[in-house]
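Engineer: Sharing protein26.cif below, mmCIF, C-alpha atoms:
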data_structure
loop_
_atom_site.label_atom_id
_atom_site.label_comp_id
_atom_site.auth_asym_id
_atom_site.auth_seq_id
_atom_site.Cartn_x
_atom_site.Cartn_y
_atom_site.Cartn_z
CA MET A 1 133.52 72.43 67.47
CA LYS A 2 130.36 74.52 67.90
CA HIS A 3 130.04 78.09 66.67
CA TYR A 4 127.53 80.57 68.04
CA ASP A 5 126.21 82.13 64.85
CA TYR A 6 123.48 84.10 66.65
CA ILE A 7 124.00 86.02 69.88
CA LEU A 8 121.19 87.71 71.82
CA PHE A 9 122.24 90.52 74.17
CA ASP A 10 120.34 91.97 77.07
CA LEU A 11 120.39 95.78 76.97
CA ASP A 12 120.35 97.31 80.48
CA GLY A 13 123.40 96.19 82.41
CA THR A 14 124.89 94.34 79.44
CA LEU A 15 125.32 96.88 76.65
CA THR A 16 124.45 100.07 78.54
CA GLU A 17 124.73 101.35 82.10
CA SER A 18 121.14 102.49 82.48
CA HIS A 19 120.45 102.68 86.22
CA PRO A 20 120.44 106.51 86.62
CA GLY A 21 117.49 107.00 84.26
CA ILE A 22 115.63 103.94 85.54
CA ILE A 23 116.03 104.96 89.19
CA ASN A 24 114.96 108.53 88.45
CA ALA A 25 111.86 107.25 86.63
CA VAL A 26 110.95 104.92 89.51
CA LEU A 27 111.38 107.79 91.99
CA TYR A 28 109.13 109.95 89.81
CA ALA A 29 106.41 107.28 89.73
CA LEU A 30 106.62 106.66 93.48
CA LYS A 31 106.48 110.35 94.34
CA LYS A 32 103.55 110.92 91.99
CA ASN A 33 101.68 108.25 93.96
CA GLY A 34 102.56 109.64 97.38
CA ILE A 35 105.44 107.29 98.18
CA GLU A 36 108.68 108.91 99.37
CA GLU A 37 111.78 106.78 98.76
CA THR A 38 115.20 108.00 99.91
CA ASP A 39 117.26 104.86 99.24
CA ARG A 40 118.40 105.07 95.61
CA GLU A 41 120.50 101.92 95.99
CA LYS A 42 117.39 99.91 96.78
CA LEU A 43 115.99 100.90 93.39
CA ARG A 44 118.89 99.39 91.46
CA ALA A 45 116.93 96.15 91.77
CA PHE A 46 114.50 97.60 89.21
CA VAL A 47 117.17 97.35 86.50
CA GLY A 48 116.52 94.27 84.39
CA PRO A 49 113.31 92.60 85.63
CA PRO A 50 109.87 93.55 84.29
CA LEU A 51 108.73 96.73 86.05
CA THR A 52 105.32 95.35 87.00
CA ASP A 53 107.00 92.51 88.88
CA SER A 54 109.36 94.89 90.68
CA PHE A 55 106.64 97.25 91.90
CA GLN A 56 104.72 94.25 93.21
CA GLN A 57 107.76 92.63 94.83
CA TYR A 58 109.39 95.65 96.46
CA TYR A 59 106.32 97.75 97.33
CA GLY A 60 103.68 95.07 97.84
CA MET A 61 101.37 96.48 95.18
CA PRO A 62 98.56 94.53 93.56
CA LYS A 63 99.05 94.03 89.83
CA GLU A 64 96.52 96.70 88.83
CA GLN A 65 98.34 99.35 90.86
CA ALA A 66 101.72 98.16 89.60
CA LEU A 67 100.52 98.60 86.01
CA ARG A 68 99.47 102.19 86.79
CA MET A 69 102.92 102.78 88.30
CA VAL A 70 104.50 101.57 85.07
CA ASP A 71 102.49 104.18 83.16
CA ASP A 72 103.77 106.90 85.52
CA TYR A 73 107.32 105.52 85.22
CA ARG A 74 107.10 105.84 81.45
CA GLU A 75 106.05 109.50 81.66
CA TYR A 76 109.54 110.27 82.95
CA HIS A 77 111.55 107.59 81.20
CA GLN A 78 110.19 108.19 77.70
CA ASP A 79 110.78 111.94 78.05
CA ARG A 80 114.31 112.01 79.45
CA GLY A 81 115.13 108.94 81.52
CA TRP A 82 116.18 106.85 78.53
CA LYS A 83 118.95 109.37 77.78
CA GLU A 84 120.34 109.21 81.35
CA ASN A 85 122.35 106.26 80.20
CA ARG A 86 125.73 105.39 78.70
CA VAL A 87 127.30 102.58 76.71
CA TYR A 88 129.78 100.52 78.68
CA GLU A 89 133.33 101.29 77.62
CA GLY A 90 134.54 98.64 75.20
CA ILE A 91 131.11 97.44 74.03
CA PRO A 92 131.40 98.81 70.47
CA GLN A 93 134.78 97.10 70.07
CA ALA A 94 133.48 93.81 71.48
CA LEU A 95 130.45 93.87 69.16
CA GLU A 96 132.63 94.67 66.17
CA THR A 97 134.95 91.77 67.01
CA LEU A 98 132.03 89.35 67.27
CA ARG A 99 130.54 90.58 64.00
CA ALA A 100 133.89 90.19 62.26
CA GLN A 101 133.80 86.53 63.31
CA GLY A 102 130.68 86.06 61.18
CA ARG A 103 128.10 86.23 63.98
CA LYS A 104 124.70 87.91 63.83
CA LEU A 105 123.98 90.04 66.89
CA PHE A 106 120.60 90.97 68.36
CA VAL A 107 119.14 92.61 71.46
CA ALA A 108 116.52 90.81 73.57
CA THR A 109 115.37 93.03 76.44
CA SER A 110 112.47 93.43 78.85
CA LYS A 111 112.53 97.16 78.06
CA PRO A 112 109.62 98.14 75.78
CA GLU A 113 110.69 97.56 72.20
CA PRO A 114 110.19 101.14 70.87
CA ILE A 115 112.29 102.55 73.73
CA ALA A 116 114.96 99.88 73.27
CA ILE A 117 115.19 100.67 69.56
CA ARG A 118 115.43 104.40 70.26
CA THR A 119 118.17 103.79 72.86
CA VAL A 120 120.21 101.57 70.55
CA GLU A 121 119.94 104.09 67.71
CA HIS A 122 120.77 107.04 69.98
CA PHE A 123 124.03 105.40 71.03
CA HIS A 124 124.80 104.20 67.47
CA LEU A 125 124.81 100.54 68.48
CA ASP A 126 122.39 99.71 65.67
CA GLN A 127 125.33 99.52 63.27
CA TYR A 128 126.41 96.28 64.97
CA LEU A 129 122.97 94.71 65.40
CA GLU A 130 120.62 92.88 63.08
CA ARG A 131 117.51 93.75 65.08
CA VAL A 132 116.22 94.76 68.52
CA PHE A 133 113.55 92.68 70.27
CA GLY A 134 111.82 93.96 73.39
CA ALA A 135 108.75 93.87 75.58
CA SER A 136 105.34 94.91 74.31
CA MET A 137 103.99 98.22 75.58
CA ASP A 138 100.98 96.52 77.19
CA GLU A 139 103.26 94.31 79.34
CA SER A 140 101.82 91.13 77.80
CA ARG A 141 105.34 90.28 76.60
CA SER A 142 107.64 91.45 79.38
CA GLN A 143 109.06 88.28 80.95
CA LYS A 144 112.50 87.57 79.51
CA GLY A 145 111.56 84.05 78.42
CA ARG A 146 108.70 85.43 76.32
CA VAL A 147 110.92 88.12 74.79
CA ILE A 148 113.50 85.50 73.81
CA ALA A 149 110.82 83.21 72.37
CA TYR A 150 109.52 86.15 70.33
CA ALA A 151 113.05 86.95 69.14
CA LEU A 152 113.68 83.35 68.06
CA SER A 153 110.39 83.19 66.16
CA GLN A 154 111.13 86.44 64.34
CA ILE A 155 114.66 85.37 63.46
CA ALA A 156 113.35 82.04 62.21
CA GLU A 157 110.69 83.70 60.07
CA THR A 158 113.29 86.01 58.56
CA SER A 159 115.60 83.09 57.80
CA HIS A 160 112.88 80.74 56.54
CA SER A 161 109.71 82.30 55.21
CA GLU A 162 107.85 79.01 54.87
CA ALA A 163 106.10 78.13 58.12
CA GLY A 164 107.05 74.47 57.83
CA GLN A 165 110.72 75.37 57.93
CA ILE A 166 110.57 77.41 61.15
CA SER A 167 110.40 74.47 63.56
CA GLU A 168 113.23 72.78 61.69
CA TRP A 169 115.27 75.99 61.95
CA LYS A 170 114.76 76.06 65.71
CA ARG A 171 115.86 72.44 66.07
CA SER A 172 118.94 72.77 63.91
CA PHE A 173 120.11 76.21 65.02
CA ALA A 174 119.29 76.22 68.75
CA PRO A 175 122.77 74.83 69.56
CA ASN A 176 124.23 77.81 67.67
CA ILE A 177 122.37 80.55 69.60
CA LEU A 178 123.70 82.17 72.77
CA MET A 179 122.23 84.65 75.24
CA VAL A 180 124.36 87.20 77.09
CA GLY A 181 122.99 89.05 80.12
CA ASP A 182 123.69 90.33 83.61
CA ARG A 183 120.75 89.07 85.70
CA LEU A 184 119.21 85.74 86.63
CA HIS A 185 116.18 86.63 84.48
CA ASP A 186 118.42 86.47 81.39
CA VAL A 187 119.74 83.05 82.36
CA GLU A 188 116.34 81.66 83.27
CA GLY A 189 114.71 83.11 80.14
CA ALA A 190 117.39 81.54 77.98
CA LYS A 191 116.95 78.16 79.68
CA GLU A 192 113.19 78.31 79.06
CA ASN A 193 114.03 78.44 75.36
CA GLY A 194 116.76 75.80 75.44
CA LEU A 195 119.59 78.31 75.12
CA PRO A 196 122.82 78.69 77.11
CA CYS A 197 123.54 82.06 78.70
CA VAL A 198 126.79 83.85 79.52
CA GLY A 199 126.49 86.00 82.65
CA VAL A 200 128.38 89.32 82.76
CA LEU A 201 129.66 90.75 86.05
CA TYR A 202 130.10 94.37 84.99
CA GLY A 203 126.30 94.88 85.04
CA TYR A 204 123.81 94.66 87.89
CA GLY A 205 123.85 90.98 88.87
CA THR A 206 126.28 89.05 91.06
CA LYS A 207 128.40 86.02 90.31
CA LYS A 208 126.42 84.02 92.87
CA GLU A 209 123.10 85.02 91.30
CA LEU A 210 124.24 84.13 87.79
CA GLU A 211 125.88 80.83 88.72
CA GLU A 212 122.91 79.68 90.77
CA ALA A 213 120.60 80.50 87.86
CA GLY A 214 122.71 78.28 85.61
CA ALA A 215 124.93 80.55 83.53
CA VAL A 216 127.26 78.42 81.39
CA ALA A 217 130.12 80.92 81.77
CA ILE A 218 130.91 84.13 83.62
CA CYS A 219 132.40 87.19 81.90
CA PRO A 220 134.14 89.56 84.36
CA GLU A 221 134.77 92.52 82.03
CA VAL A 222 133.46 93.84 78.72
CA GLY A 223 136.75 93.17 76.96
CA ASP A 224 136.56 89.51 77.96
CA LEU A 225 133.36 88.84 76.00
CA PRO A 226 134.86 87.58 72.71
CA GLY A 227 137.32 85.35 74.56
CA VAL A 228 134.69 83.89 76.90
CA ILE A 229 132.44 83.03 73.93
CA ALA A 230 135.35 81.53 72.00
CA ALA A 231 136.29 79.38 75.00
CA LEU A 232 132.72 78.07 75.22
CA GLU A 233 132.90 76.98 71.61
CA LYS A 234 135.92 74.80 72.36
CA ASP A 235 134.19 72.88 75.16
#
Do you think you could lay out the structure here as structure tokens?
Structural biologist:
Amino acid sequence: MKHYDYILFDLDGTLTESHPGIINAVLYALKKNGIEETDREKLRAFVGPPLTDSFQQYYGMPKEQALRMVDDYREYHQDRGWKENRVYEGIPQALETLRAQGRKLFVATSKPEPIAIRTVEHFHLDQYLERVFGASMDESRSQKGRVIAYALSQIAETSHSEAGQISEWKRSFAPNILMVGDRLHDVEGAKENGLPCVGVLYGYGTKKELEEAGAVAICPEVGDLPGVIAALEKD
């Protein structure tokens, strides 16, 4: 029977309900650039994916303009948007249960790493986590697959300091690593790295989106997380 010793969690929509601050920051960036947006629900799509991609996809911006929009977004989000957020009810208990089962827990998010670390510490989730891995501030590491690859390399280096042992660690431990997230980007990023992903429905994705992306299991509610993971281990 397999045992997932390492679990990577997405942050926005998986551990925290972050859309108010993200939407407010997007509105700030749009308004600063002369774009009036009245549909806040439309902007929920910005939760999860890399921001540069979202500005290009939903507003037809070239990459250079999208990158400038990200800078404007961060003016708001780094000041106060990151605090317009809350931990999903039951997450601390779920993380504590998983830790008590001997698992090591991490965050792997497309949010810039310094902001992700600050968010996790602000909400006292760091007590359950080994480390937080996120996007680079220059957007060179923002796609979820790249963030997960970075996380795996860092975990491997911590576990085995000799370079020759890292590839062996990846081969032997990949079956024991699981991703948990709420959007198709989490599932696809996990698959890029040979990992299974549990999709959660209490976040910002849909069951259809997660299943079509290839999630190995669906978790309806926060409190179901330990049970869903345990059931996977019996398959």
Engineer: Decode the PyMOL selection byres ((chain A and resi 103-120) around 8) for the given file into explicit residues and return them as an mmCIF file with C-alpha atoms, keeping the file's coordinate frame.
Structural biologist:
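Saved result, part_37.cif, follows:
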data_model
loop_
_atom_site.group_PDB
_atom_site.id
_atom_site.type_symbol
_atom_site.label_atom_id
_atom_site.label_comp_id
_atom_site.auth_asym_id
_atom_site.auth_seq_id
_atom_site.Cartn_x
_atom_site.Cartn_y
_atom_site.Cartn_z
ATOM 1 C CA TYR A 4 127.530 80.570 68.040
ATOM 2 C CA ASP A 5 126.210 82.130 64.850
ATOM 3 C CA TYR A 6 123.480 84.100 66.650
ATOM 4 C CA ILE A 7 124.000 86.020 69.880
ATOM 5 C CA LEU A 8 121.190 87.710 71.820
ATOM 6 C CA PHE A 9 122.240 90.520 74.170
ATOM 7 C CA ASP A 10 120.340 91.970 77.070
ATOM 8 C CA LEU A 11 120.390 95.780 76.970
ATOM 9 C CA ASP A 12 120.350 97.310 80.480
ATOM 10 C CA GLY A 48 116.520 94.270 84.390
ATOM 11 C CA PRO A 49 113.310 92.600 85.630
ATOM 12 C CA PRO A 50 109.870 93.550 84.290
ATOM 13 C CA GLN A 78 110.190 108.190 77.700
ATOM 14 C CA TRP A 82 116.180 106.850 78.530
ATOM 15 C CA LYS A 83 118.950 109.370 77.780
ATOM 16 C CA LEU A 95 130.450 93.870 69.160
ATOM 17 C CA LEU A 98 132.030 89.350 67.270
ATOM 18 C CA ARG A 99 130.540 90.580 64.000
ATOM 19 C CA ALA A 100 133.890 90.190 62.260
ATOM 20 C CA GLN A 101 133.800 86.530 63.310
ATOM 21 C CA GLY A 102 130.680 86.060 61.180
ATOM 22 C CA GLU A 121 119.940 104.090 67.710
ATOM 23 C CA HIS A 122 120.770 107.040 69.980
ATOM 24 C CA PHE A 123 124.030 105.400 71.030
ATOM 25 C CA HIS A 124 124.800 104.200 67.470
ATOM 26 C CA LEU A 125 124.810 100.540 68.480
ATOM 27 C CA ASP A 126 122.390 99.710 65.670
ATOM 28 C CA TYR A 128 126.410 96.280 64.970
ATOM 29 C CA LEU A 129 122.970 94.710 65.400
ATOM 30 C CA GLU A 130 120.620 92.880 63.080
ATOM 31 C CA ARG A 131 117.510 93.750 65.080
ATOM 32 C CA VAL A 132 116.220 94.760 68.520
ATOM 33 C CA PHE A 133 113.550 92.680 70.270
ATOM 34 C CA GLY A 134 111.820 93.960 73.390
ATOM 35 C CA ALA A 135 108.750 93.870 75.580
ATOM 36 C CA SER A 136 105.340 94.910 74.310
ATOM 37 C CA MET A 137 103.990 98.220 75.580
ATOM 38 C CA SER A 142 107.640 91.450 79.380
ATOM 39 C CA GLN A 143 109.060 88.280 80.950
ATOM 40 C CA LYS A 144 112.500 87.570 79.510
ATOM 41 C CA VAL A 147 110.920 88.120 74.790
ATOM 42 C CA ILE A 148 113.500 85.500 73.810
ATOM 43 C CA ALA A 151 113.050 86.950 69.140
#
Engineer: Edge lengths and centre in Å to one decimal, as AutoDock Vina command-line options, of the axis-aligned box that encloses all listed atoms of stretch 129-135 of chain A with 6 Å added on every side?
Structural biologist:
--center_x 115.9 --center_y 93.7 --center_z 69.3 --size_x 26.2 --size_y 14.1 --size_z 24.5
Engineer: Using the chain letters and residue numbers of this document, give as a list in words the residues selected by the PyMOL selection byres ((chain A and resi 59) around 12).
Structural biologist: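 Expected selection for the PyMOL selection byres ((chain A and resi 59) around 12) here is Val26, Leu30, Asn33, Ile35, Glu36, Glu37, Lys42, Leu43, Phe46, Leu51, Thr52, Asp53, Ser54, Phe55, Gln56, Gln57, Tyr58, Gly60, Met61, Pro62, Lys63, Gln65, Ala66 and Met69 of chain A.
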Engineer: Report, in Å to a single decimal, how far apart atom CA of A:Ala149 and atom CA of A:Asn193 are.
Structural biologist: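 Value for the atom CA of A:Asn193-atom CA of A:Ala149 distance: 6.5 Å.
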Engineer: Please compute the atom CA of A:Val180-atom CA of A:Asn24 distance, one decimal, in Å.
Structural biologist: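 So the two atoms, atom CA of A:Val180 and atom CA of A:Asn24, lie 25.9 Å apart.
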Engineer: Taking all atoms listed in the file into account, which of A:Leu225, A:Ala25, A:Leu178, A:Ile155 comes nearest A:His3?
Structural biologist: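 The answer is A:Leu178, which sits nearest to A:His3.
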Engineer: One decimal, in Å: what's the spacing between atom CA of A:Val187 and atom CA of A:Tyr150?
Structural biologist: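 Result for atom CA of A:Val187 versus atom CA of A:Tyr150: 16.1 Å, one decimal.
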Engineer: Applying the PyMOL selection byres ((chain A and resi 204-207) around 8) to the file I just gave you, which residues come out? Please list them as a PyMOL selection string.
Structural biologist: chain A and resi 13+44+47+182-184+199-203+208-211+218
Engineer: Can you tell me which residues surround A:Gly189 at a distance of at most 6 Å, considering all atoms listed in the file, apart from same-chain residues fewer than 3 positions away, and format the answer as JSON, numbers by chain?
Structural biologist: {"A": [144, 145, 185, 186, 192]}
Engineer: Can you tell me which residues surround A:Val198 at a distance of at most 7 Å, considering only C-alpha atoms, apart from same-chain residues fewer than 6 positions away, and format the answer as a PyMOL selection string?
Structural biologist: chain A and resi 179-181+215-219
Engineer: Could you check the closest approach to A:Leu152 for each of A:Ser18, A:Asn176, A:Ser140, A:Gln93 and tell me which residue wins, using only C-alpha atoms?
Structural biologist: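 Using only C-alpha atoms, A:Leu152 sits closest to A:Asn176.
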Engineer: Could you pull the residues within 7 Å of stretch 86-89 of chain A, counting all atoms listed in the file, minus those fewer than 6 positions along the same chain, as a ChimeraX atom specification?
Structural biologist: /A:15-18
